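Chemist: Quick one: the structure is below, and I'll ask about it shortly.
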Amino acid sequence: MNEILIEIKDAIIDGQNAIVREKVETALMQGLDPVDILNSGMVDAMTEVGRTFERGESFVPEMMLAARAMQSGLAILRPSLVKVDFKSTGKVAICTVKGDLHDIGKNLVSMMLEGAGFEILDLGTDVAPEKIIAAVRESSPDIVALSALLTTTMPNMKVTIDALKTAGLRNSVKVIIGGAPVTEDYARQIGADGFSPNAARAVNVAKRLIGKS
Amino acid sequence: MNFQDRINAVLHHSDPDQVPFAPYIECFPSGEYERMLRNRGMGLVVRKPTIWAATPHVPVEKTVEGDLSVTVYHTPKGDVRAAYKQHAGRLYIDEAGICVEGLLKGLQDYEPILYMIEDTVFSVDNSLYSDTVRDLGGDGLFTEYGCALTPYGHTRYIFGESSGFDKWIFEQADHPKEFARLFDTIIAREERRMELIAGSPSEYIRFGDIDGSWGPEVVRRYDLPFIKKWIPYLQSKGKICCVHAHAINLAFFKDLIGEMGFNVVEAFTPPPVGNLSIQEARAAWGKDTIIWVNFPETVFYQGPQATRKYTLELLASDPPGNRLVIGFTEMGLWGASDPETERLFKEGILAIADAIDEGGKFPIQPRSQSSHLNP
């Protein structure tokens with residue numbers, strides 16, 4: 001791999017904002033393909049962060065710092081990606097379900113998905129099914145990702161899935177769920193398509209569901 | 001045994017008649033349902049402080065802006081403000097609300113906040129302790145809650161807890177010198193608090209938590225020295241110390257918790273929600289550490305029969321059961337706002353009480369373990 005791509009990757013893993021910006025600028029000046037910079041430098045870095053997170057070698061702070069560094073590099077890279085008509089991996093509408101105001105988990109999943117090349121439509125917290133349905137109709141995401149931190153708000157994941165069915169939209173999107181109290185059994189029980197126990201694994205689940213793994 | 005005798009038997013390394021069922025009092029709206037459970041042996045855990053903090057040279061102004069409750073602190077070094085969303089649901093009814101704006105938003109806020117920390121004066125008022133102990137009688141346990149946060153945990157709250165989490169993380173990376181000064185100033189304040197905690201009339205002390213969001217190395221760096229200094233000191237004064245270990249990735253903290261020296265590991269959330277089984281924890285922490293389970297309420301959604309079966313297997317996974325407590329330390333019934341969830345939770349909690357009656361009598365006999373209890 002090109003030396004500068006390795007430097008970009010390492011700087012993202014270390015959460016080095018300024019260095020990522022500088023290296024991405026340098027890589028572009030050197031004429032590197034922006035898609036290579038994205039995939040080999042940046043997405044690979046976030047994949048590695050996900051791996052270490054799964055192993056308990058890195059935690060939320062490291063993930064957030066890496067995601068921020070990736071974002072700062074992406075801001076430099078984005079105009080070049082537009083020029084080459086780069087297509088995102090997929091589009092994800094994400095929210096914390098109605099009754100739940102917690103957003104740390106949702107934000108982490110958003111960061112990791114964005115780091116894997118997904119386009120994110122963040123609908124916020126305490127989101128009613130009607131708002132999700134409107135977003136699906138308007139933006140046609142590939143995936144709806146639902147988060148809950150409170151055990152007592154988990155049922156609103158099922159309410160949302162049922163509302164998608166009633167609206168005739170269930171077959172047009174995949175639904176993944178997650179959050180501290182959520183389990184794989186529960187995901188099966190309520191008819192979700194996928195479940196992730198943490199933000200890192202959400203990327204693999206999302207890719208698998210849309211056939212990009 | 002009444003509940004108090006039972007929980008004290010566990011805390012004092014004696015043998016209870018059965019595993020105590022001991023949730024936080026906040027996890028049950030008081031009334032008929034709670035009374036029914038208490039009549040079946042459930043006890044109530046009440047967390048209150050005996051140490052009070054004031055900042056005598058910082059006038060405080062409270063206002064309401066729409067659905068926000070705003071508190072402004074006027075310090076000689078400048079003003080800082082925090083905002084709380086009111087009417088944020090049943091969970092937050094009895095409190096100021098959920099924090100949506102923490103005190104520390106930028107570099108300009110450090111000086112006023114440092115002033116507030118240094119200006120903090122602690123005082124002792126044991127009235128909540130004596131009132132609570134009198135009210136509970138044999139039905140509960142008082143927990144000293146005046147030192148619930150570690151010094152590092154306090155830094156997080158200054159940024160607004162959940163709403164300021166990202167700011168808190170980025171600030172440590174972007175302004176490490178300022179953050180270190182904040183932390184050191186908090187340490188100095190907390191040293192003063194801990195001296196008073198040692199004199200608390202409460203035997204049972206909660207200190208700090210294992211959140212799981214940040215890793216063991218961060219805990220080792222920031223909190224472990226403080227813990228290693230103060231937990232043995234409190235224990236030398238006859239205190240029983242617990243850590244609130246509610247992380248769902250507790251397996252990554254197993255060795256660290258072993259080093260901390262707490263008597264009780266509370267809020268322990270076993271699989272299928274957490275990633276550390278009681279058996280693994282017991283192997284790591286030894287037979288004398290009291291494991292206080294936060295029942296994984298997600299099991300309730302499988303119905304009362306599954307809850308009963310799960311509880312029986314949980315009990316059987318830690319024989320003979322004399323260092324085990326089952327409770328709720330996060331949610332319980334609190335927050336169940338729709339009738340179906342409330343019904344499922346009420347049936348589930350009754351199923352736990354049934355299972356403790358059936359399989360929680362001391363000494364519990366070992367039996368084969370279900371895969372549900374493994375991470």
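Every chain in the structure tokens takes a letter, A first, then B, and so on in the order presented; its residues are numbered from 1, and the ligands are numbered from 1 following the presented order.
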Can you write out as a Markdown table which residues of chain A fall within 8 Å of chain B, alongside each residue's closest atom pair and its distance in Å to one decimal, counting only C-alpha atoms and ordering rows by chain and ascending residue number?

Modeler:
| residue | atom | partner | partner_atom | distance |
| --- | --- | --- | --- | --- |
| A:Gly56 | CA | B:Phe252 | CA | 5.9 |
| A:Glu57 | CA | B:Gly215 | CA | 7.9 |
| A:Ser58 | CA | B:Gly215 | CA | 6.8 |
| A:Phe59 | CA | B:Trp214 | CA | 5.3 |
| A:Val60 | CA | B:Ser213 | CA | 5.3 |
| A:Pro61 | CA | B:Ile169 | CA | 5.9 |
| A:Met64 | CA | B:Asp166 | CA | 7.5 |
| A:Leu65 | CA | B:Phe170 | CA | 7.0 |
| A:Gly99 | CA | B:Gly89 | CA | 7.5 |
| A:His102 | CA | B:Ser162 | CA | 7.1 |
| A:Asp103 | CA | B:Ser162 | CA | 7.6 |
| A:Ile104 | CA | B:Ser162 | CA | 6.9 |
| A:Leu150 | CA | B:Met331 | CA | 7.5 |
| A:Thr151 | CA | B:Thr298 | CA | 6.3 |
| A:Thr152 | CA | B:Ala336 | CA | 5.1 |
| A:Thr153 | CA | B:Ala336 | CA | 7.6 |
| A:Pro155 | CA | B:Thr341 | CA | 7.4 |
| A:Ala180 | CA | B:Ile248 | CA | 6.9 |
| A:Pro181 | CA | B:Val273 | CA | 5.7 |
| A:Val182 | CA | B:Thr298 | CA | 6.9 |
| A:Thr183 | CA | B:Val273 | CA | 6.5 |
| A:Tyr186 | CA | B:Tyr301 | CA | 7.6 |

Chemist: Could you take the residues named above and write them with N, CA and C atoms, as a CSV table (one decimal), in the first residue's frame?

Modeler:
chain,number,residue,atom,x,y,z
A,56,GLY,N,-12.2,-5.7,22.7
A,56,GLY,CA,-12.0,-5.0,24.0
A,56,GLY,C,-10.6,-4.3,24.1
A,57,GLU,N,-10.0,-4.0,23.0
A,57,GLU,CA,-8.7,-3.3,23.0
A,57,GLU,C,-8.9,-1.8,22.8
A,58,SER,N,-10.0,-1.4,22.3
A,58,SER,CA,-10.3,0.0,22.2
A,58,SER,C,-11.8,0.1,22.6
A,59,PHE,N,-12.2,1.4,23.0
A,59,PHE,CA,-13.5,1.6,23.6
A,59,PHE,C,-14.1,2.8,22.9
A,60,VAL,N,-15.2,3.3,23.5
A,60,VAL,CA,-16.0,4.3,22.9
A,60,VAL,C,-15.1,5.6,22.6
A,61,PRO,N,-14.3,6.0,23.5
A,61,PRO,CA,-13.5,7.3,23.2
A,61,PRO,C,-12.6,7.1,22.0
A,64,MET,N,-14.7,7.2,18.9
A,64,MET,CA,-15.2,8.6,18.6
A,64,MET,C,-14.1,9.5,18.1
A,65,LEU,N,-12.9,9.3,18.6
A,65,LEU,CA,-11.8,10.1,18.1
A,65,LEU,C,-11.4,9.7,16.7
A,99,GLY,N,-39.8,7.6,23.0
A,99,GLY,CA,-39.7,7.4,24.4
A,99,GLY,C,-38.3,7.4,25.0
A,102,HIS,N,-31.8,8.8,24.6
A,102,HIS,CA,-30.4,8.6,24.6
A,102,HIS,C,-29.8,8.5,23.2
A,103,ASP,N,-28.7,9.1,23.0
A,103,ASP,CA,-28.2,9.2,21.6
A,103,ASP,C,-26.7,8.7,21.4
A,104,ILE,N,-26.1,8.3,22.5
A,104,ILE,CA,-24.6,8.0,22.3
A,104,ILE,C,-24.5,6.7,21.4
A,150,LEU,N,-33.1,2.0,26.9
A,150,LEU,CA,-33.9,1.6,28.0
A,150,LEU,C,-34.7,0.3,27.7
A,151,THR,N,-34.7,-0.6,28.6
A,151,THR,CA,-35.4,-1.8,28.4
A,151,THR,C,-36.9,-1.6,28.1
A,152,THR,N,-37.4,-0.5,28.7
A,152,THR,CA,-38.8,-0.2,28.6
A,152,THR,C,-39.2,0.5,27.3
A,153,THR,N,-38.2,0.9,26.6
A,153,THR,CA,-38.6,1.5,25.3
A,153,THR,C,-38.3,0.6,24.1
A,155,PRO,N,-40.0,-2.0,23.3
A,155,PRO,CA,-41.2,-2.4,22.5
A,155,PRO,C,-41.5,-1.4,21.4
A,180,ALA,N,-28.0,-1.2,24.4
A,180,ALA,CA,-27.5,-2.0,25.5
A,180,ALA,C,-28.4,-3.2,25.9
A,181,PRO,N,-29.7,-3.0,26.1
A,181,PRO,CA,-30.5,-4.2,26.5
A,181,PRO,C,-31.0,-5.1,25.4
A,182,VAL,N,-30.7,-4.8,24.2
A,182,VAL,CA,-31.3,-5.5,23.1
A,182,VAL,C,-30.5,-6.8,22.8
A,183,THR,N,-31.2,-7.9,22.5
A,183,THR,CA,-30.5,-9.1,22.3
A,183,THR,C,-30.9,-9.7,20.9
A,186,TYR,N,-34.4,-11.1,21.0
A,186,TYR,CA,-35.4,-10.1,20.9
A,186,TYR,C,-35.6,-9.6,19.4

Chemist: What residues in chain A get the DSSP label strand (DSSP E or B)? Please answer as a list in words.

Modeler: Lys91, Val92, Ala93, Ile94, Cys95, Thr96, Val97, Glu119, Ile120, Leu121, Asp122, Val127, Ile143, Val144, Ala145, Leu146, Ser147, Lys174, Val175, Ile176, Ile177, Gly178, Gly194, Phe195 and Ser196 of chain A

Chemist: DSSP on the backbone: what in segment 88-133 of chain B comes out helix (DSSP H, G or I), as JSON, numbers by chain?

Modeler: {"B": [90, 91, 92, 107, 108, 109, 110, 111, 112, 113, 114, 115, 116, 117, 118, 119, 127, 128, 129, 130, 131, 132, 133]}

Chemist: Name all residues at most 10 Å from Leu77 of chain A (count only C-alpha atoms; drop same-chain ones fewer than 4 positions away) and give them as a list in words.

Modeler: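 Here the answer would be Arg21, Val24, Glu25, Ala27, Leu28, Pro34, Val35, Ile37, Leu38, Gln71, Ser72, Gly73, Leu81 and Val82 of chain A.
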
Chemist: May I have the selected residues written with C-alpha atoms, as a short mmCIF file (atom, residue, chain, number, x, y, z; two decimals), in the first residue's frame?

Modeler:
data_model
loop_
_atom_site.label_atom_id
_atom_site.label_comp_id
_atom_site.auth_asym_id
_atom_site.auth_seq_id
_atom_site.Cartn_x
_atom_site.Cartn_y
_atom_site.Cartn_z
CA ARG A 21 -6.47 16.50 7.11
CA VAL A 24 -5.44 13.62 2.77
CA GLU A 25 -4.54 16.96 1.19
CA ALA A 27 -2.49 12.42 -1.09
CA LEU A 28 -4.82 14.38 -3.35
CA PRO A 34 -9.87 9.67 -4.07
CA VAL A 35 -11.71 6.35 -3.96
CA ILE A 37 -7.83 7.23 -0.30
CA LEU A 38 -11.30 6.58 1.04
CA GLN A 71 -14.80 13.05 9.28
CA SER A 72 -12.17 15.75 9.04
CA GLY A 73 -10.39 13.84 6.28
CA LEU A 81 -15.39 12.02 -4.54
CA VAL A 82 -18.24 14.02 -6.02
#

Chemist: Considering only C-alpha atoms, return as a ChimeraX atom specification whatever protein or nucleic-acid residues lie within 9 Å of Gly117 of chain A, sequence-local ones (same chain, fewer than 2 positions apart) excluded.

Modeler: /A:38-39,43,87-90,112-115,119

Chemist: For the residues in the current selection, export N, CA and C atoms as a PDB file, in the first residue's frame.

Modeler:
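Output below, filename again-v7.pdb:
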ATOM      1  N   LEU A  38     -10.164   6.906   0.171  1.00  0.00           N
ATOM      2  CA  LEU A  38     -11.301   6.580   1.045  1.00  0.00           C
ATOM      3  C   LEU A  38     -11.237   5.120   1.504  1.00  0.00           C
ATOM      4  N   ASN A  39     -11.130   4.217   0.558  1.00  0.00           N
ATOM      5  CA  ASN A  39     -11.245   2.797   0.915  1.00  0.00           C
ATOM      6  C   ASN A  39     -10.005   2.249   1.611  1.00  0.00           C
ATOM      7  N   VAL A  43     -11.574   3.917   5.229  1.00  0.00           N
ATOM      8  CA  VAL A  43     -12.505   2.846   5.606  1.00  0.00           C
ATOM      9  C   VAL A  43     -11.741   1.719   6.303  1.00  0.00           C
ATOM     10  N   LYS A  87     -20.290   6.494  -5.396  1.00  0.00           N
ATOM     11  CA  LYS A  87     -21.570   6.079  -4.806  1.00  0.00           C
ATOM     12  C   LYS A  87     -21.335   5.511  -3.402  1.00  0.00           C
ATOM     13  N   SER A  88     -22.222   5.900  -2.487  1.00  0.00           N
ATOM     14  CA  SER A  88     -22.084   5.396  -1.122  1.00  0.00           C
ATOM     15  C   SER A  88     -22.406   3.896  -1.082  1.00  0.00           C
ATOM     16  N   THR A  89     -21.981   3.252   0.013  1.00  0.00           N
ATOM     17  CA  THR A  89     -22.243   1.818   0.189  1.00  0.00           C
ATOM     18  C   THR A  89     -23.741   1.558   0.258  1.00  0.00           C
ATOM     19  N   GLY A  90     -24.456   2.481   0.872  1.00  0.00           N
ATOM     20  CA  GLY A  90     -25.903   2.353   1.031  1.00  0.00           C
ATOM     21  C   GLY A  90     -26.389   3.499   1.893  1.00  0.00           C
ATOM     22  N   MET A 112     -19.703   4.785  12.728  1.00  0.00           N
ATOM     23  CA  MET A 112     -19.072   3.592  12.166  1.00  0.00           C
ATOM     24  C   MET A 112     -19.618   3.287  10.776  1.00  0.00           C
ATOM     25  N   LEU A 113     -20.922   3.478  10.591  1.00  0.00           N
ATOM     26  CA  LEU A 113     -21.503   3.227   9.267  1.00  0.00           C
ATOM     27  C   LEU A 113     -20.977   4.245   8.263  1.00  0.00           C
ATOM     28  N   GLU A 114     -20.904   5.487   8.691  1.00  0.00           N
ATOM     29  CA  GLU A 114     -20.379   6.526   7.800  1.00  0.00           C
ATOM     30  C   GLU A 114     -18.927   6.216   7.455  1.00  0.00           C
ATOM     31  N   GLY A 115     -18.211   5.714   8.467  1.00  0.00           N
ATOM     32  CA  GLY A 115     -16.818   5.333   8.253  1.00  0.00           C
ATOM     33  C   GLY A 115     -16.676   4.181   7.277  1.00  0.00           C
ATOM     34  N   GLU A 119     -24.247   6.359   3.616  1.00  0.00           N
ATOM     35  CA  GLU A 119     -24.836   7.681   3.778  1.00  0.00           C
ATOM     36  C   GLU A 119     -25.818   7.598   4.945  1.00  0.00           C
TER      37      GLU A 119
END

Chemist: For Arg189 of chain B, find every residue with an atom within 8 Å (counting only C-alpha atoms), except residues of its own chain fewer than 2 positions away, and show them as a list in words.

Modeler: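 Everything that qualifies: Ile117, Glu118, Thr120, Thr185, Ile186, Ile187, Glu191, Arg192 and Arg193 of chain B.
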
Chemist: Restricting the output to N, CA and C atoms, write the selected residues as a short mmCIF file (atom, residue, chain, number, x, y, z; two decimals), in the first residue's frame.

Modeler:
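Okay, this is what ended up in again.cif:
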data_model
loop_
_atom_site.label_atom_id
_atom_site.label_comp_id
_atom_site.auth_asym_id
_atom_site.auth_seq_id
_atom_site.Cartn_x
_atom_site.Cartn_y
_atom_site.Cartn_z
N ILE B 117 -15.50 24.35 42.08
CA ILE B 117 -15.00 23.11 42.71
C ILE B 117 -14.22 23.45 43.98
N GLU B 118 -13.36 24.47 43.85
CA GLU B 118 -12.54 24.83 45.02
C GLU B 118 -13.38 25.48 46.12
N THR B 120 -16.27 24.55 46.95
CA THR B 120 -17.22 23.58 47.52
C THR B 120 -16.92 23.30 48.99
N THR B 185 -8.14 19.22 40.36
CA THR B 185 -8.93 20.05 41.28
C THR B 185 -10.07 19.22 41.88
N ILE B 186 -10.66 18.37 41.06
CA ILE B 186 -11.72 17.50 41.57
C ILE B 186 -11.17 16.50 42.58
N ILE B 187 -10.00 15.95 42.28
CA ILE B 187 -9.37 15.01 43.22
C ILE B 187 -9.23 15.66 44.60
N GLU B 191 -11.05 14.23 47.95
CA GLU B 191 -10.31 13.76 49.13
C GLU B 191 -11.01 14.28 50.39
N ARG B 192 -11.45 15.53 50.33
CA ARG B 192 -12.15 16.12 51.49
C ARG B 192 -13.47 15.39 51.73
N ARG B 193 -14.15 15.05 50.63
CA ARG B 193 -15.44 14.35 50.77
C ARG B 193 -15.26 12.97 51.42
#

Chemist: Counting only C-alpha atoms, what is within 8 Å of Ala206 of chain A, bar same-chain residues fewer than 5 positions away, as a PyMOL selection string?

Modeler: chain A and resi 143+176+194

Chemist: How would the residues just picked look written out with C-alpha atoms as a CSV table (one decimal), in the first residue's frame?

Modeler:
chain,number,residue,atom,x,y,z
A,143,ILE,CA,-31.8,0.2,6.0
A,176,ILE,CA,-31.6,-3.5,12.2
A,194,GLY,CA,-30.6,-7.8,11.9

Chemist: Could you tell me how far atom CA of Val243 of chain B lies from atom CA of Tyr204 of chain B, in Å and to one decimal?

Modeler: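 We find that atom CA of Val243 of chain B and atom CA of Tyr204 of chain B lie 11.0 Å from each other.
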
Chemist: Set the distance at 6 Å and use only C-alpha atoms: which residues neighbour segment 277-293 of chain B once local chain neighbours fewer than 5 positions away are removed? I'd like the list as a list in words.

Modeler: Gly258, Asn263, Val264, Val265, Glu266, Ala267, Phe268, Thr269, Pro270, Arg323, Leu324, Val325, Ile326, Gly327 and Asn374 of chain B

Chemist: If you keep N, CA and C atoms, can you produce a file of those selected residues as a CSV table (one decimal), in the first residue's frame?

Modeler:
chain,number,residue,atom,x,y,z
B,258,GLY,N,-11.2,-7.1,40.0
B,258,GLY,CA,-10.5,-8.0,41.0
B,258,GLY,C,-9.4,-7.2,41.7
B,263,ASN,N,-16.0,-4.9,48.2
B,263,ASN,CA,-16.7,-6.1,48.8
B,263,ASN,C,-17.8,-6.6,48.0
B,264,VAL,N,-18.4,-5.6,47.2
B,264,VAL,CA,-19.6,-6.0,46.5
B,264,VAL,C,-19.5,-5.4,45.0
B,265,VAL,N,-19.8,-6.3,44.1
B,265,VAL,CA,-19.9,-5.8,42.7
B,265,VAL,C,-21.3,-5.8,42.3
B,266,GLU,N,-21.8,-4.5,42.3
B,266,GLU,CA,-23.3,-4.3,42.1
B,266,GLU,C,-23.6,-4.0,40.7
B,267,ALA,N,-24.9,-4.2,40.3
B,267,ALA,CA,-25.3,-3.9,38.9
B,267,ALA,C,-24.8,-4.8,37.9
B,268,PHE,N,-24.3,-6.0,38.4
B,268,PHE,CA,-23.7,-7.0,37.5
B,268,PHE,C,-24.8,-7.5,36.6
B,269,THR,N,-24.7,-7.3,35.3
B,269,THR,CA,-25.7,-7.7,34.4
B,269,THR,C,-25.2,-8.9,33.6
B,270,PRO,N,-25.8,-10.1,33.9
B,270,PRO,CA,-25.3,-11.3,33.2
B,270,PRO,C,-25.8,-11.4,31.8
B,323,ARG,N,-23.3,-15.6,48.6
B,323,ARG,CA,-22.7,-14.3,48.2
B,323,ARG,C,-23.4,-13.7,47.0
B,324,LEU,N,-24.6,-14.0,46.9
B,324,LEU,CA,-25.4,-13.6,45.7
B,324,LEU,C,-26.6,-12.8,46.1
B,325,VAL,N,-26.9,-11.7,45.3
B,325,VAL,CA,-28.1,-10.9,45.5
B,325,VAL,C,-28.7,-10.7,44.2
B,326,ILE,N,-30.0,-10.7,44.1
B,326,ILE,CA,-30.7,-10.4,42.8
B,326,ILE,C,-31.5,-9.1,43.0
B,327,GLY,N,-31.3,-8.2,42.0
B,327,GLY,CA,-32.0,-6.9,42.1
B,327,GLY,C,-32.2,-6.3,40.8
B,374,ASN,N,-24.5,-18.0,29.3
B,374,ASN,CA,-23.1,-17.8,28.8
B,374,ASN,C,-23.1,-16.6,27.8

Chemist: Select, from A:Ala45, A:Leu209, A:Leu32, A:Ser40, the residue with the minimum atom-to-atom distance to Asp14 of chain A, counting only C-alpha atoms.

Modeler: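 Smallest separation from Asp14 of chain A among the options: A:Ala45.
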